[in-house]
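S.K.: I'm passing along structure33.txt; it holds compact mmCIF, C-alpha atoms.
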# COMPACT_ATOMS: atom_id res chain seq x y z
CA LYS R 30 8.13 13.74 -61.71
CA GLN R 31 5.61 13.13 -58.94
CA GLU R 32 3.84 16.23 -57.64
CA VAL R 33 1.51 16.28 -54.65
CA THR R 34 -1.08 18.99 -54.12
CA GLN R 35 -3.31 19.61 -51.13
CA ILE R 36 -6.42 21.72 -51.29
CA PRO R 37 -7.46 23.81 -49.49
CA ALA R 38 -4.30 25.33 -48.02
CA ALA R 39 -6.25 26.48 -44.97
CA LEU R 40 -9.64 25.66 -43.52
CA SER R 41 -11.58 27.01 -40.57
CA VAL R 42 -14.72 25.20 -39.37
CA PRO R 43 -16.98 25.23 -36.32
CA GLU R 44 -16.71 22.36 -33.87
CA GLY R 45 -18.81 19.31 -34.72
CA GLU R 46 -18.59 19.60 -38.49
CA ASN R 47 -17.60 16.69 -40.69
CA LEU R 48 -14.87 17.72 -43.10
CA VAL R 49 -12.85 16.45 -46.03
CA LEU R 50 -9.24 17.22 -46.85
CA ASN R 51 -7.99 16.55 -50.35
CA CYS R 52 -4.70 15.29 -51.71
CA SER R 53 -3.95 14.81 -55.40
CA PHE R 54 -0.90 13.35 -57.10
CA THR R 55 0.24 13.31 -60.71
CA ASP R 56 1.80 9.83 -61.05
CA SER R 57 -0.41 6.86 -60.19
CA ALA R 58 2.57 4.51 -59.81
CA ILE R 59 2.62 4.78 -56.03
CA TYR R 60 3.65 2.31 -53.37
CA ASN R 61 1.46 3.72 -50.62
CA LEU R 62 0.12 6.99 -49.24
CA GLN R 63 0.39 8.27 -45.71
CA TRP R 64 -1.52 11.01 -43.90
CA PHE R 65 0.20 12.92 -41.09
CA ARG R 66 -0.71 15.67 -38.69
CA GLN R 67 1.74 18.31 -37.55
CA ASP R 68 1.18 20.58 -34.58
CA PRO R 69 2.95 23.98 -34.56
CA GLY R 70 6.68 23.63 -33.90
CA LYS R 71 6.42 19.86 -33.61
CA GLY R 72 7.27 16.81 -35.67
CA LEU R 73 4.79 14.78 -37.70
CA THR R 74 2.42 12.17 -36.30
CA SER R 75 1.30 9.39 -38.62
CA LEU R 76 -2.47 9.08 -38.85
CA LEU R 77 -3.15 6.52 -41.55
CA LEU R 78 -1.20 4.59 -44.15
CA ILE R 79 -2.94 3.18 -47.22
CA GLN R 80 -1.21 0.61 -49.38
CA SER R 81 -1.60 1.00 -53.14
CA SER R 82 -3.83 -2.09 -53.24
CA GLN R 83 -6.23 -0.69 -50.64
CA ARG R 84 -9.17 1.67 -51.12
CA GLU R 85 -9.49 3.02 -47.60
CA GLN R 86 -8.30 2.93 -44.02
CA THR R 87 -10.11 3.94 -40.85
CA SER R 88 -8.93 4.94 -37.42
CA GLY R 89 -11.47 6.31 -34.96
CA ARG R 90 -13.02 9.46 -36.41
CA LEU R 91 -10.64 9.42 -39.37
CA ASN R 92 -11.19 7.74 -42.69
CA ALA R 93 -8.77 7.96 -45.60
CA SER R 94 -9.61 6.84 -49.11
CA LEU R 95 -7.39 6.24 -52.11
CA ASP R 96 -8.25 6.31 -55.80
CA LYS R 97 -5.02 5.61 -57.64
CA SER R 98 -6.48 5.86 -61.12
CA SER R 99 -7.66 9.42 -60.56
CA GLY R 100 -4.64 10.36 -58.45
CA ARG R 101 -6.63 11.31 -55.37
CA SER R 102 -6.85 10.66 -51.67
CA THR R 103 -9.21 12.19 -49.16
CA LEU R 104 -9.04 12.38 -45.39
CA TYR R 105 -12.45 12.51 -43.78
CA ILE R 106 -12.68 13.79 -40.21
CA ALA R 107 -15.99 13.16 -38.46
CA ALA R 108 -17.38 15.39 -35.72
CA SER R 109 -14.39 17.72 -35.65
CA GLN R 110 -13.03 18.96 -32.32
CA PRO R 111 -10.76 21.90 -31.39
CA GLY R 112 -8.03 19.35 -30.66
CA ASP R 113 -8.04 18.43 -34.35
CA SER R 114 -6.57 21.85 -35.16
CA ALA R 115 -3.23 21.21 -36.87
CA THR R 116 -1.65 21.01 -40.30
CA TYR R 117 -2.48 17.83 -42.19
CA LEU R 118 0.06 16.50 -44.67
CA CYS R 119 -0.20 13.74 -47.19
CA ALA R 120 2.86 11.90 -48.45
CA VAL R 121 2.97 9.70 -51.53
CA GLY R 122 5.38 6.78 -51.58
CA THR R 123 6.66 6.83 -55.12
CA THR R 124 8.03 3.89 -57.04
CA SER R 125 9.13 5.89 -60.07
CA GLY R 126 12.91 5.96 -59.97
CA THR R 127 14.07 5.54 -56.39
CA TYR R 128 11.81 4.81 -53.46
CA LYS R 129 10.89 7.94 -51.47
CA TYR R 130 8.00 9.95 -50.07
CA ILE R 131 6.86 13.12 -51.79
CA PHE R 132 4.96 15.46 -49.48
CA GLY R 133 2.21 17.97 -50.16
CA THR R 134 2.35 21.45 -48.66
CA GLY R 135 -0.43 20.62 -46.21
CA THR R 136 -3.84 21.88 -45.16
CA ARG R 137 -3.87 24.07 -42.06
CA LEU R 138 -7.05 23.23 -40.14
CA LYS R 139 -8.59 25.30 -37.38
CA VAL R 140 -11.63 23.97 -35.53
CA LEU R 141 -13.43 26.68 -33.62
CA ALA R 142 -15.03 25.94 -30.24
CA GLU P 102 5.92 10.84 -27.93
CA THR P 103 6.83 8.82 -31.01
CA GLY P 104 9.97 7.19 -29.63
CA VAL P 105 12.24 9.24 -31.91
CA THR P 106 14.32 11.89 -30.17
CA GLN P 107 16.34 14.72 -31.67
CA THR P 108 18.96 16.98 -30.16
CA PRO P 109 19.40 19.86 -29.99
CA ARG P 110 15.87 21.20 -30.37
CA HIS P 111 17.11 24.64 -31.35
CA LEU P 112 20.42 25.69 -32.89
CA VAL P 113 21.83 29.03 -33.98
CA MET P 114 25.08 28.96 -35.91
CA GLY P 115 27.26 31.21 -37.98
CA MET P 116 28.19 30.39 -41.54
CA THR P 117 31.71 29.29 -40.53
CA ASN P 118 30.64 27.00 -37.68
CA LYS P 119 30.54 23.23 -37.63
CA LYS P 120 27.75 21.53 -35.73
CA SER P 121 25.98 18.18 -35.67
CA LEU P 122 22.35 17.17 -35.28
CA LYS P 123 21.55 13.90 -33.57
CA CYS P 124 18.63 11.54 -33.95
CA GLU P 125 18.00 8.46 -31.85
CA GLN P 126 15.36 5.73 -31.87
CA HIS P 127 15.02 2.55 -29.86
CA LEU P 128 12.00 1.23 -31.71
CA GLY P 129 13.94 -1.50 -33.47
CA HIS P 130 13.54 0.28 -36.79
CA ASN P 131 15.91 -0.37 -39.65
CA ALA P 132 15.28 2.68 -41.84
CA MET P 133 16.06 6.26 -40.84
CA TYR P 134 15.50 9.51 -42.70
CA TRP P 135 16.49 13.18 -42.66
CA TYR P 136 13.97 15.73 -43.92
CA LYS P 137 14.13 19.51 -44.29
CA GLN P 138 11.04 21.63 -43.72
CA SER P 139 11.21 25.27 -44.86
CA ALA P 140 8.43 27.81 -44.57
CA LYS P 141 5.86 27.66 -47.38
CA LYS P 142 7.56 24.63 -49.00
CA PRO P 143 6.77 20.92 -48.88
CA LEU P 144 8.77 18.65 -46.65
CA GLU P 145 11.90 17.61 -48.56
CA LEU P 146 13.58 14.25 -48.15
CA MET P 147 17.35 14.65 -47.76
CA PHE P 148 18.80 11.24 -46.93
CA VAL P 149 17.64 7.68 -46.34
CA TYR P 150 19.51 4.96 -44.51
CA ASN P 151 18.36 1.35 -44.63
CA PHE P 152 20.18 -1.11 -42.37
CA LYS P 153 22.92 1.52 -41.86
CA GLU P 154 23.52 1.90 -45.60
CA GLN P 155 22.69 5.13 -47.37
CA THR P 156 20.09 4.39 -50.03
CA GLU P 157 19.06 7.91 -50.99
CA ASN P 158 20.79 11.26 -51.33
CA ASN P 159 18.28 13.68 -52.73
CA SER P 160 20.84 15.98 -54.39
CA VAL P 161 21.78 17.49 -51.05
CA PRO P 162 24.75 19.93 -51.00
CA SER P 163 27.94 18.52 -49.54
CA ARG P 164 27.84 21.00 -46.65
CA PHE P 165 25.35 18.50 -45.17
CA SER P 166 27.02 15.21 -44.28
CA PRO P 167 25.00 12.33 -42.80
CA GLU P 168 26.34 9.53 -40.65
CA CYS P 169 24.61 6.37 -39.47
CA PRO P 170 26.90 4.43 -37.11
CA ASN P 171 24.17 1.92 -36.20
CA SER P 172 20.47 1.36 -36.77
CA SER P 173 19.51 3.41 -33.70
CA HIS P 174 21.46 6.59 -34.36
CA LEU P 175 21.60 9.07 -37.19
CA PHE P 176 23.64 12.25 -37.38
CA LEU P 177 23.65 15.22 -39.70
CA HIS P 178 26.97 17.07 -39.72
CA LEU P 179 26.76 20.70 -40.77
CA HIS P 180 29.57 22.95 -41.99
CA THR P 181 29.79 26.28 -43.80
CA LEU P 182 26.02 26.58 -44.05
CA GLN P 183 24.16 29.39 -45.76
CA PRO P 184 21.30 31.50 -44.35
CA GLU P 185 18.88 29.73 -46.73
CA ASP P 186 19.64 26.48 -44.88
CA SER P 187 17.67 27.82 -41.92
CA ALA P 188 14.76 25.42 -41.47
CA LEU P 189 13.26 22.70 -39.30
CA TYR P 190 15.24 19.48 -39.71
CA LEU P 191 13.21 16.38 -39.02
CA CYS P 192 14.38 12.85 -38.44
CA ALA P 193 12.12 9.85 -38.96
CA SER P 194 12.38 6.09 -38.71
CA SER P 195 10.38 3.10 -39.90
CA LEU P 196 10.62 -0.63 -39.38
CA ARG P 197 11.39 -1.07 -43.05
CA GLN P 198 11.73 1.49 -45.81
CA PHE P 199 8.31 2.63 -46.97
CA GLU P 200 6.39 1.55 -43.92
CA THR P 201 4.78 3.89 -41.39
CA GLN P 202 7.26 6.60 -40.49
CA TYR P 203 7.67 7.94 -36.97
CA PHE P 204 9.01 11.46 -36.70
CA GLY P 205 11.08 13.20 -34.08
CA PRO P 206 10.20 16.71 -32.86
CA GLY P 207 12.80 18.33 -35.12
CA THR P 208 15.71 20.71 -34.72
CA ARG P 209 14.96 24.35 -35.51
CA LEU P 210 18.12 25.67 -37.18
CA LEU P 211 18.94 29.33 -37.75
CA VAL P 212 22.02 30.20 -39.78
CA LEU P 213 23.25 33.77 -39.37
Mind turning the file's structure into structure tokens?
M.R.:
Amino acid sequence: KQEVTQIPAALSVPEGENLVLNCSFTDSAIYNLQWFRQDPGKGLTSLLLIQSSQREQTSGRLNASLDKSSGRSTLYIAASQPGDSATYLCAVGTTSGTYKYIFGTGTRLKVLA
Amino acid sequence: ETGVTQTPRHLVMGMTNKKSLKCEQHLGHNAMYWYKQSAKKPLELMFVYNFKEQTENNSVPSRFSPECPNSSHLFLHLHTLQPEDSALYLCASSLRQFETQYFGPGTRLLVL
């Protein structure tokens, strides 16, 4: 059974810092992996989607990497801003059994001005 | 705005009530999803519809009944819910199953 873990659960950093959020998964038979952000009381916004054949994806200040063999993905945020404060979720598209996304519990990020 | 809308945004219901949640998208997507988000727990997939056909029921109790009349609309019918069903219910859609998902703002449900 696929399990997705995100560490740390919460993170507080000063503005301008580069930071790394971690996502690990137990079954490497994945279809893809998606990173989302969720603002309080809101739905999820997709940030990056990495196919299982890819190693990384970039969008602006965000870079996501994928290492299937070790069951890890990282989301790198460069030059963090207060507007980046949100909960970041990773979701693993699993191909074991039926097709579905398994979500981690998220990392709650606060960027201090 | 993601292009996925959900109504109502907030709902309070008693355990004997019947209510429905609505999700709508006009993005031309063919896959639609219901998720449940409870405090301190990961987002849980409930149902998946692909081209109006249900392709996934993640062992959801029968007091939750989904309906997908067309590719643009998805409903979640609720009846005789329990207090532990209180949560944020999120709808999402994607062009095809397993592609980038776009989420609605959610319905915050409280069952008394």
S.K.: Using all atoms listed in the file and a cut-off of 10 Å, which residues of chain R sit close to chain P? Please list them as a ChimeraX atom specification.
M.R.: /R:33-34,60-65,67-68,70-80,118,120-123,127-135
S.K.: Of the candidates R:Ala142, R:Leu50, R:Ala38, R:Lys30, which shows the shortest atom-to-atom distance to R:Tyr105, using all atoms listed in the file?
M.R.: R:Leu50
S.K.: Which value, in Å to one decimal, gives the distance between atom CA of R:Asp113 and atom CA of R:Arg66?
M.R.: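 That distance, rounded to one decimal, is 9.0 Å.
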S.K.: Can you work out the spacing between atom CA of P:Gln107 and atom CA of R:Leu138 in Å, to one decimal?
M.R.: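 So the two atoms, atom CA of P:Gln107 and atom CA of R:Leu138, lie 26.3 Å apart.
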S.K.: Under the rule that all atoms listed in the file are counted, which of R:Gln31, R:Tyr117, R:Ala107, R:Gly45 is the nearest residue to R:Ala58?
M.R.: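 Closest residue, counting all atoms listed in the file: R:Gln31.
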S.K.: Which distance in Å separates atom CA of R:Gly89 and atom CA of R:Asn47, to one decimal?
M.R.: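 Atom CA of R:Asn47 lies at a distance of 13.3 Å from atom CA of R:Gly89.
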S.K.: For R:Arg101, please output as a list in words all residues within 8 Å (counting all atoms listed in the file; exclusion window: fewer than 6 positions along the same chain).
M.R.: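 That gives Asn51, Cys52, Ser53, Phe54 and Leu95 of chain R.
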S.K.: Of the residues R:Ser82, R:Gln110, R:Ser41, R:Thr116, which is the one nearest to R:Lys97, using all atoms listed in the file?
M.R.: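 Under the stated criterion, the closest residue is R:Ser82.
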S.K.: Can you tell me, as a ChimeraX atom specification, which residues sit within 8 Å of (-13.3, 6.5, -50.1) in the file's frame, using all atoms listed in the file?
M.R.: /R:84-85,92-96,102-103
S.K.: Store the residues of this selection in a file with C-alpha atoms, as an mmCIF file, keeping the file's coordinate frame.
M.R.:
data_model
loop_
_atom_site.group_PDB
_atom_site.id
_atom_site.type_symbol
_atom_site.label_atom_id
_atom_site.label_comp_id
_atom_site.auth_asym_id
_atom_site.auth_seq_id
_atom_site.Cartn_x
_atom_site.Cartn_y
_atom_site.Cartn_z
ATOM 1 C CA ARG R 84 -9.170 1.670 -51.120
ATOM 2 C CA GLU R 85 -9.490 3.020 -47.600
ATOM 3 C CA ASN R 92 -11.190 7.740 -42.690
ATOM 4 C CA ALA R 93 -8.770 7.960 -45.600
ATOM 5 C CA SER R 94 -9.610 6.840 -49.110
ATOM 6 C CA LEU R 95 -7.390 6.240 -52.110
ATOM 7 C CA ASP R 96 -8.250 6.310 -55.800
ATOM 8 C CA SER R 102 -6.850 10.660 -51.670
ATOM 9 C CA THR R 103 -9.210 12.190 -49.160
#
S.K.: Would you mind telling me which residue in P:Ser194, P:Gln183, P:Ser139, P:Asn151 lies nearest to P:Glu125 when using all atoms listed in the file?
M.R.: P:Ser194
S.K.: So, counting only C-alpha atoms, which residue among R:Ala115, R:Glu44, R:Lys139, R:Ile59 is closest to R:Gln83?
M.R.: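 Of R:Ala115, R:Glu44, R:Lys139, R:Ile59, the one nearest R:Gln83, counting only C-alpha atoms, is R:Ile59.
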